[in-house]
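Listing of my_file-v5.csv; format and content: CSV, C-alpha atoms.
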```
chain,number,residue,atom,x,y,z
A,1,MET,CA,-37.5,6.3,5.7
A,2,PRO,CA,-36.1,9.2,7.6
A,3,PHE,CA,-36.0,9.3,11.4
A,4,GLN,CA,-38.6,11.5,13.1
A,5,SER,CA,-38.5,13.3,16.4
A,6,GLU,CA,-41.0,12.3,19.1
A,7,ASN,CA,-42.7,15.7,19.2
A,8,SER,CA,-43.0,16.6,15.6
A,9,PHE,CA,-43.2,15.3,12.1
A,10,ILE,CA,-40.1,17.1,11.0
A,11,PRO,CA,-37.9,14.5,9.4
A,12,ILE,CA,-34.6,13.9,11.2
A,13,PRO,CA,-31.7,12.7,9.0
A,14,PRO,CA,-30.6,9.2,9.9
A,15,PRO,CA,-27.2,9.0,11.7
A,16,GLY,CA,-24.1,8.9,9.6
A,17,GLU,CA,-20.6,7.6,9.9
A,18,ASP,CA,-19.7,10.3,12.5
A,19,GLU,CA,-22.6,9.3,14.8
A,20,LEU,CA,-22.6,5.5,14.4
A,21,PRO,CA,-20.1,3.2,16.1
A,22,TYR,CA,-17.4,2.1,13.8
A,23,ASP,CA,-15.4,-0.2,16.1
A,24,ASP,CA,-17.2,-3.5,16.6
A,25,GLY,CA,-14.8,-4.5,19.4
A,26,GLU,CA,-14.0,-7.8,17.8
A,27,PRO,CA,-10.3,-8.3,17.2
A,28,MET,CA,-9.0,-10.6,14.4
A,29,GLU,CA,-8.8,-14.2,15.4
A,30,SER,CA,-5.0,-14.5,15.1
A,31,GLU,CA,-1.8,-12.9,13.9
A,32,ARG,CA,-2.2,-14.7,10.6
A,33,HIS,CA,-5.8,-13.6,10.2
A,34,ARG,CA,-4.7,-10.0,10.7
A,35,ALA,CA,-1.8,-10.3,8.3
A,36,GLN,CA,-4.0,-12.0,5.6
A,37,MET,CA,-6.5,-9.2,5.8
A,38,ASP,CA,-3.8,-6.5,5.6
A,39,LEU,CA,-2.1,-8.3,2.7
A,40,LEU,CA,-5.3,-8.4,0.6
A,41,ILE,CA,-6.1,-4.7,1.3
A,42,GLU,CA,-2.5,-3.4,0.8
A,43,VAL,CA,-2.0,-5.1,-2.5
A,44,LEU,CA,-5.3,-3.8,-4.0
A,45,LYS,CA,-4.6,-0.3,-2.8
A,46,LEU,CA,-1.2,-0.4,-4.4
A,47,PHE,CA,-2.5,-1.9,-7.6
A,48,TRP,CA,-5.2,0.8,-7.9
A,49,ARG,CA,-3.3,3.7,-6.4
A,50,ASP,CA,-4.0,5.9,-9.5
A,51,ARG,CA,-7.8,5.2,-9.3
A,52,ASP,CA,-10.2,7.4,-7.4
A,53,ASP,CA,-13.3,5.4,-8.1
A,54,VAL,CA,-12.6,2.3,-6.0
A,55,TYR,CA,-12.8,1.8,-2.2
A,56,VAL,CA,-11.0,-1.1,-0.4
A,57,ALA,CA,-11.3,-1.7,3.3
A,58,GLY,CA,-11.6,-4.4,5.9
A,59,ASN,CA,-12.9,-5.1,9.4
A,60,MET,CA,-15.1,-2.0,9.1
A,61,ALA,CA,-18.8,-1.7,10.1
A,62,ILE,CA,-21.3,-1.7,7.3
A,63,TYR,CA,-24.7,-0.1,8.0
A,64,PHE,CA,-27.6,-0.9,5.7
A,65,SER,CA,-30.8,-0.3,7.6
A,66,GLU,CA,-32.2,1.8,10.4
A,67,LEU,CA,-33.1,-1.3,12.5
A,68,GLN,CA,-29.6,-2.8,12.1
A,69,ALA,CA,-28.0,0.6,12.9
A,70,LYS,CA,-30.1,0.8,16.1
A,71,LYS,CA,-29.3,-2.7,17.2
A,72,ASN,CA,-25.6,-2.6,16.0
A,73,ASP,CA,-25.7,-6.4,15.6
A,74,PHE,CA,-23.7,-6.9,12.4
A,75,ARG,CA,-19.9,-7.2,12.3
A,76,GLY,CA,-18.3,-5.9,9.1
A,77,PRO,CA,-16.6,-8.0,6.5
A,78,ASP,CA,-12.9,-8.8,6.8
A,79,VAL,CA,-12.2,-7.4,3.4
A,80,PHE,CA,-14.5,-5.7,0.9
A,81,VAL,CA,-14.3,-3.7,-2.3
A,82,VAL,CA,-16.7,-1.2,-3.7
A,83,LEU,CA,-16.6,-0.1,-7.3
A,84,ASP,CA,-18.0,3.1,-8.9
A,85,THR,CA,-17.6,5.1,-5.8
A,86,ASN,CA,-15.1,7.7,-4.5
A,87,ARG,CA,-12.0,7.0,-2.6
A,88,ARG,CA,-11.8,8.9,0.7
A,89,GLU,CA,-11.3,8.2,4.3
A,90,ARG,CA,-14.3,6.6,6.0
A,91,LYS,CA,-15.1,5.6,9.6
A,92,SER,CA,-17.7,3.0,8.4
A,93,TRP,CA,-19.6,2.2,5.3
A,94,VAL,CA,-23.1,3.7,5.6
A,95,VAL,CA,-25.2,2.6,2.7
A,96,TRP,CA,-27.7,5.6,2.8
A,97,GLN,CA,-24.8,8.0,2.7
A,98,GLU,CA,-23.3,6.2,-0.3
A,99,ASP,CA,-26.2,6.6,-2.7
A,100,GLY,CA,-27.2,3.0,-2.0
A,101,ARG,CA,-23.9,1.5,-3.0
A,102,THR,CA,-23.0,-1.8,-1.4
A,103,PRO,CA,-19.8,-3.9,-1.8
A,104,ASP,CA,-19.1,-5.7,-5.0
A,105,VAL,CA,-16.8,-8.2,-3.4
A,106,VAL,CA,-16.6,-9.5,0.1
A,107,ILE,CA,-13.9,-11.8,1.6
A,108,GLU,CA,-14.4,-13.5,5.0
A,109,LEU,CA,-11.5,-15.2,6.8
A,110,LEU,CA,-12.8,-18.3,8.4
A,111,SER,CA,-12.1,-19.4,12.0
A,112,GLU,CA,-13.7,-21.8,14.4
A,113,SER,CA,-15.5,-19.0,16.2
A,114,THR,CA,-16.8,-17.2,13.0
A,115,GLU,CA,-17.4,-20.0,10.4
A,116,ALA,CA,-21.0,-20.6,11.3
A,117,VAL,CA,-21.9,-16.9,11.1
A,118,ASP,CA,-19.9,-16.5,7.8
A,119,ARG,CA,-21.7,-19.4,6.2
A,120,GLY,CA,-25.1,-18.5,7.8
A,121,ASP,CA,-26.3,-15.0,8.7
A,122,LYS,CA,-23.6,-13.1,6.9
A,123,MET,CA,-24.0,-15.1,3.7
A,124,ARG,CA,-27.7,-14.5,3.8
A,125,ILE,CA,-27.3,-10.7,4.5
A,126,TYR,CA,-24.7,-10.3,1.7
A,127,ALA,CA,-27.0,-12.2,-0.8
A,128,LYS,CA,-30.5,-11.0,0.1
A,129,LEU,CA,-30.0,-7.6,1.6
A,130,LEU,CA,-26.8,-6.2,0.2
A,131,HIS,CA,-26.8,-8.1,-3.1
A,132,VAL,CA,-23.0,-8.6,-3.1
A,133,PRO,CA,-22.1,-10.1,-6.5
A,134,GLU,CA,-19.1,-12.1,-5.3
A,135,TYR,CA,-18.5,-13.7,-1.9
A,136,TYR,CA,-15.3,-15.5,-0.9
A,137,LEU,CA,-14.4,-17.7,2.1
A,138,PHE,CA,-10.8,-18.4,3.0
A,139,ASP,CA,-9.3,-20.4,5.9
A,140,PRO,CA,-5.8,-18.9,6.5
A,141,PHE,CA,-4.7,-22.1,8.3
A,142,SER,CA,-6.0,-24.8,6.0
A,143,GLY,CA,-5.5,-22.7,2.9
A,144,VAL,CA,-8.9,-23.7,1.5
A,145,LEU,CA,-10.6,-21.1,-0.7
A,146,GLU,CA,-14.3,-21.1,-1.6
A,147,ALA,CA,-15.9,-18.8,-4.1
A,148,TYR,CA,-19.5,-17.9,-4.7
A,149,VAL,CA,-21.4,-15.8,-7.2
A,150,LEU,CA,-24.8,-14.2,-6.6
A,151,ASP,CA,-27.8,-15.6,-8.5
A,152,ARG,CA,-29.8,-12.4,-8.7
A,153,ALA,CA,-33.0,-14.3,-9.6
A,154,THR,CA,-33.0,-16.3,-6.3
A,155,ARG,CA,-30.8,-13.9,-4.3
A,156,SER,CA,-28.7,-16.8,-3.2
A,157,TYR,CA,-25.1,-17.8,-3.8
A,158,LEU,CA,-23.9,-20.5,-6.2
A,159,PRO,CA,-20.4,-22.1,-6.0
A,160,MET,CA,-18.0,-20.6,-8.5
A,161,PRO,CA,-15.9,-23.3,-10.2
A,162,PRO,CA,-12.1,-22.8,-9.9
A,163,GLU,CA,-9.6,-23.0,-12.7
A,164,THR,CA,-7.5,-26.1,-13.1
A,165,ASN,CA,-4.8,-24.6,-10.8
A,166,GLY,CA,-7.3,-23.8,-8.1
A,167,ASP,CA,-7.5,-20.1,-8.8
A,168,VAL,CA,-10.9,-18.4,-9.1
A,169,VAL,CA,-11.8,-15.5,-11.4
A,170,SER,CA,-13.3,-12.3,-10.0
A,171,ALA,CA,-15.4,-11.0,-12.9
A,172,CYS,CA,-16.2,-7.8,-11.0
A,173,LEU,CA,-12.6,-6.9,-10.5
A,174,GLY,CA,-10.9,-8.4,-13.5
A,175,LEU,CA,-8.5,-10.2,-11.3
A,176,ARG,CA,-8.0,-13.7,-9.9
A,177,LEU,CA,-7.7,-15.0,-6.3
A,178,GLY,CA,-5.4,-17.9,-5.6
A,179,VAL,CA,-3.3,-19.5,-2.9
A,180,ARG,CA,0.4,-19.0,-3.1
A,181,HIS,CA,3.2,-19.8,-0.7
A,182,GLY,CA,5.3,-16.9,0.4
A,183,THR,CA,6.6,-14.8,3.3
A,184,TYR,CA,4.7,-11.8,4.6
A,185,ARG,CA,5.5,-10.1,7.9
A,186,GLY,CA,7.9,-12.9,8.7
A,187,LEU,CA,5.3,-15.7,8.2
A,188,ALA,CA,6.2,-18.2,5.5
A,189,VAL,CA,2.9,-19.8,4.8
A,190,ASP,CA,0.2,-20.2,2.1
A,191,TRP,CA,-1.4,-16.8,1.5
A,192,LEU,CA,-4.5,-15.8,-0.4
A,193,ARG,CA,-3.2,-13.5,-3.2
A,194,TRP,CA,-4.6,-11.3,-5.9
A,195,ILE,CA,-3.4,-12.3,-9.4
A,196,ASP,CA,-3.6,-10.4,-12.6
A,197,ALA,CA,-5.0,-11.6,-15.9
A,198,HIS,CA,-1.5,-12.8,-17.0
A,199,GLY,CA,-1.1,-15.0,-13.9
A,200,ARG,CA,1.3,-12.6,-12.1
A,201,VAL,CA,0.8,-12.2,-8.3
A,202,LEU,CA,0.2,-8.6,-7.4
A,203,GLN,CA,3.1,-7.5,-5.2
A,204,THR,CA,3.1,-5.9,-1.8
A,205,GLY,CA,5.1,-2.7,-1.2
A,206,GLU,CA,8.0,-4.8,0.3
A,207,GLU,CA,8.0,-7.1,-2.8
A,208,GLN,CA,8.0,-4.2,-5.1
A,209,ALA,CA,10.9,-2.6,-3.3
A,210,ARG,CA,12.8,-5.9,-3.4
A,211,ALA,CA,12.1,-6.4,-7.1
A,212,ALA,CA,13.4,-2.9,-7.8
A,213,GLU,CA,16.6,-3.6,-5.9
A,214,GLU,CA,17.1,-6.8,-7.8
A,215,GLN,CA,16.6,-5.0,-11.1
A,216,ALA,CA,19.0,-2.3,-10.1
A,217,ARG,CA,21.6,-4.9,-9.0
A,218,ALA,CA,21.2,-6.9,-12.2
A,219,ALA,CA,21.6,-3.7,-14.3
A,220,GLY,CA,24.7,-2.8,-12.3
A,221,ASP,CA,26.1,-6.3,-12.8
A,222,GLU,CA,25.4,-6.1,-16.6
A,223,ALA,CA,27.2,-2.7,-16.8
A,224,LYS,CA,30.2,-4.2,-15.0
A,225,ARG,CA,30.3,-7.1,-17.4
A,226,LEU,CA,30.1,-4.8,-20.5
A,227,ALA,CA,32.9,-2.6,-19.0
A,228,ALA,CA,35.1,-5.6,-18.5
A,229,ARG,CA,34.5,-6.9,-22.0
A,230,LEU,CA,35.3,-3.4,-23.4
A,231,ALA,CA,38.5,-3.2,-21.3
A,232,ALA,CA,39.6,-6.7,-22.6
A,233,TYR,CA,38.9,-5.7,-26.2
A,234,GLU,CA,40.8,-2.4,-26.0
A,235,LYS,CA,43.7,-4.2,-24.3
A,236,GLN,CA,44.0,-6.5,-27.3
A,237,PHE,CA,43.0,-4.3,-30.1
A,238,GLY,CA,43.4,-0.7,-28.8
A,239,PRO,CA,40.7,1.9,-28.1
A,240,LEU,CA,37.5,1.8,-30.2
A,241,PRO,CA,37.4,4.5,-32.9
A,242,GLY,CA,36.0,7.7,-31.4
A,243,GLY,CA,36.2,6.2,-28.0
A,244,ASP,CA,37.8,7.7,-24.9
A,245,SER,CA,40.2,5.3,-23.3
A,246,GLY,CA,40.9,7.8,-20.6
```
Write the structure described by the file as structure tokens, please.
Amino acid sequence: MPFQSENSFIPIPPPGEDELPYDDGEPMESERHRAQMDLLIEVLKLFWRDRDDVYVAGNMAIYFSELQAKKNDFRGPDVFVVLDTNRRERKSWVVWQEDGRTPDVVIELLSESTEAVDRGDKMRIYAKLLHVPEYYLFDPFSGVLEAYVLDRATRSYLPMPPETNGDVVSACLGLRLGVRHGTYRGLAVDWLRWIDAHGRVLQTGEEQARAAEEQARAAGDEAKRLAARLAAYEKQFGPLPGGDSG
């Protein structure tokens, strides 16, 4: 329902992302929480860098009703993904400006101060009001991952069974989520990672650069080995026919 002015019945458009607060004033719980959020977002953006129909963000306000917008009482998810939308810069996600689109996947990073809300009010809002198909909870310090899928008939979440190795399948994204040990931003701990259908961990920008350097180094080493073999052959048998021995 559109807003109305007090002195007339002329509809007033509801506020949008430029008018609504987009900073909830709540910092991430710890350095590891912030790094985990950035890791999940960075990797997906790199993986889908050629797609314009996916939006990935985190720690951003989501507005879904006029009352909630007025009260500003809902902290945004740590990580969320929206499919079938357009990729552009946003200050916040305002449902009535997005043709009613809501997140397809939400990930919350648990902490002592947020766990009750993540399992209570937020879980209820994601299920009953936003109808988010997949909801994940991850504790960056214990390394425990929980996955839930929406039962649309009851508008409640059901536990999603993990695979034998503990990974869970995101049917919405065609990817998996799993816990892997590694180093990110100098922290060597267990991280929640995106994994492709072949079991390969999706790489960060730093990991991609390191892999490219290793491939270049391996190619250079192989070229040196071949040159040494050729030199040894020509020393024993003479130049190859048609070759240029210099």
So the first atom is CA of Ile195 in chain A and the second is CA of Leu173 in chain A; what is the distance between them in Å, to one decimal place?
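A separation of 10.7 Å between them.
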Report as a PDB file with C-alpha atoms, in the frame of the given file all protein, DNA and RNA residues lying within 9 Å of range 89-96 of chain A, evaluated on only C-alpha atoms, omitting residues in the same chain fewer than 6 positions from it.
```
ATOM      1  CA  PRO A  14     -30.600   9.200   9.900  1.00  0.00           C
ATOM      2  CA  GLY A  16     -24.100   8.900   9.600  1.00  0.00           C
ATOM      3  CA  GLU A  17     -20.600   7.600   9.900  1.00  0.00           C
ATOM      4  CA  ASP A  18     -19.700  10.300  12.500  1.00  0.00           C
ATOM      5  CA  LEU A  20     -22.600   5.500  14.400  1.00  0.00           C
ATOM      6  CA  PRO A  21     -20.100   3.200  16.100  1.00  0.00           C
ATOM      7  CA  TYR A  22     -17.400   2.100  13.800  1.00  0.00           C
ATOM      8  CA  ASP A  23     -15.400  -0.200  16.100  1.00  0.00           C
ATOM      9  CA  MET A  60     -15.100  -2.000   9.100  1.00  0.00           C
ATOM     10  CA  ALA A  61     -18.800  -1.700  10.100  1.00  0.00           C
ATOM     11  CA  ILE A  62     -21.300  -1.700   7.300  1.00  0.00           C
ATOM     12  CA  TYR A  63     -24.700  -0.100   8.000  1.00  0.00           C
ATOM     13  CA  PHE A  64     -27.600  -0.900   5.700  1.00  0.00           C
ATOM     14  CA  SER A  65     -30.800  -0.300   7.600  1.00  0.00           C
ATOM     15  CA  GLY A  76     -18.300  -5.900   9.100  1.00  0.00           C
ATOM     16  CA  THR A 102     -23.000  -1.800  -1.400  1.00  0.00           C
TER      17      THR A 102
END
```
Find, counting all atoms listed in the file, the residue in A:Glu207, A:Glu134, A:Glu115, A:Asp190 that gets nearest to Phe80 in chain A.
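Using all atoms listed in the file, Phe80 in chain A sits closest to A:Glu134.
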For Asn86 in chain A: contacts at 9 Å, all atoms listed in the file, fewer than 3 positions along chain excluded, given as JSON, numbers by chain:
{"A": [52, 53, 54, 55, 83]}
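Shortest atom-to-atom contact with Leu187 in chain A among A:Val144, A:Arg34, A:Asp118, A:Gly174: A:Arg34, counting all atoms listed in the file.
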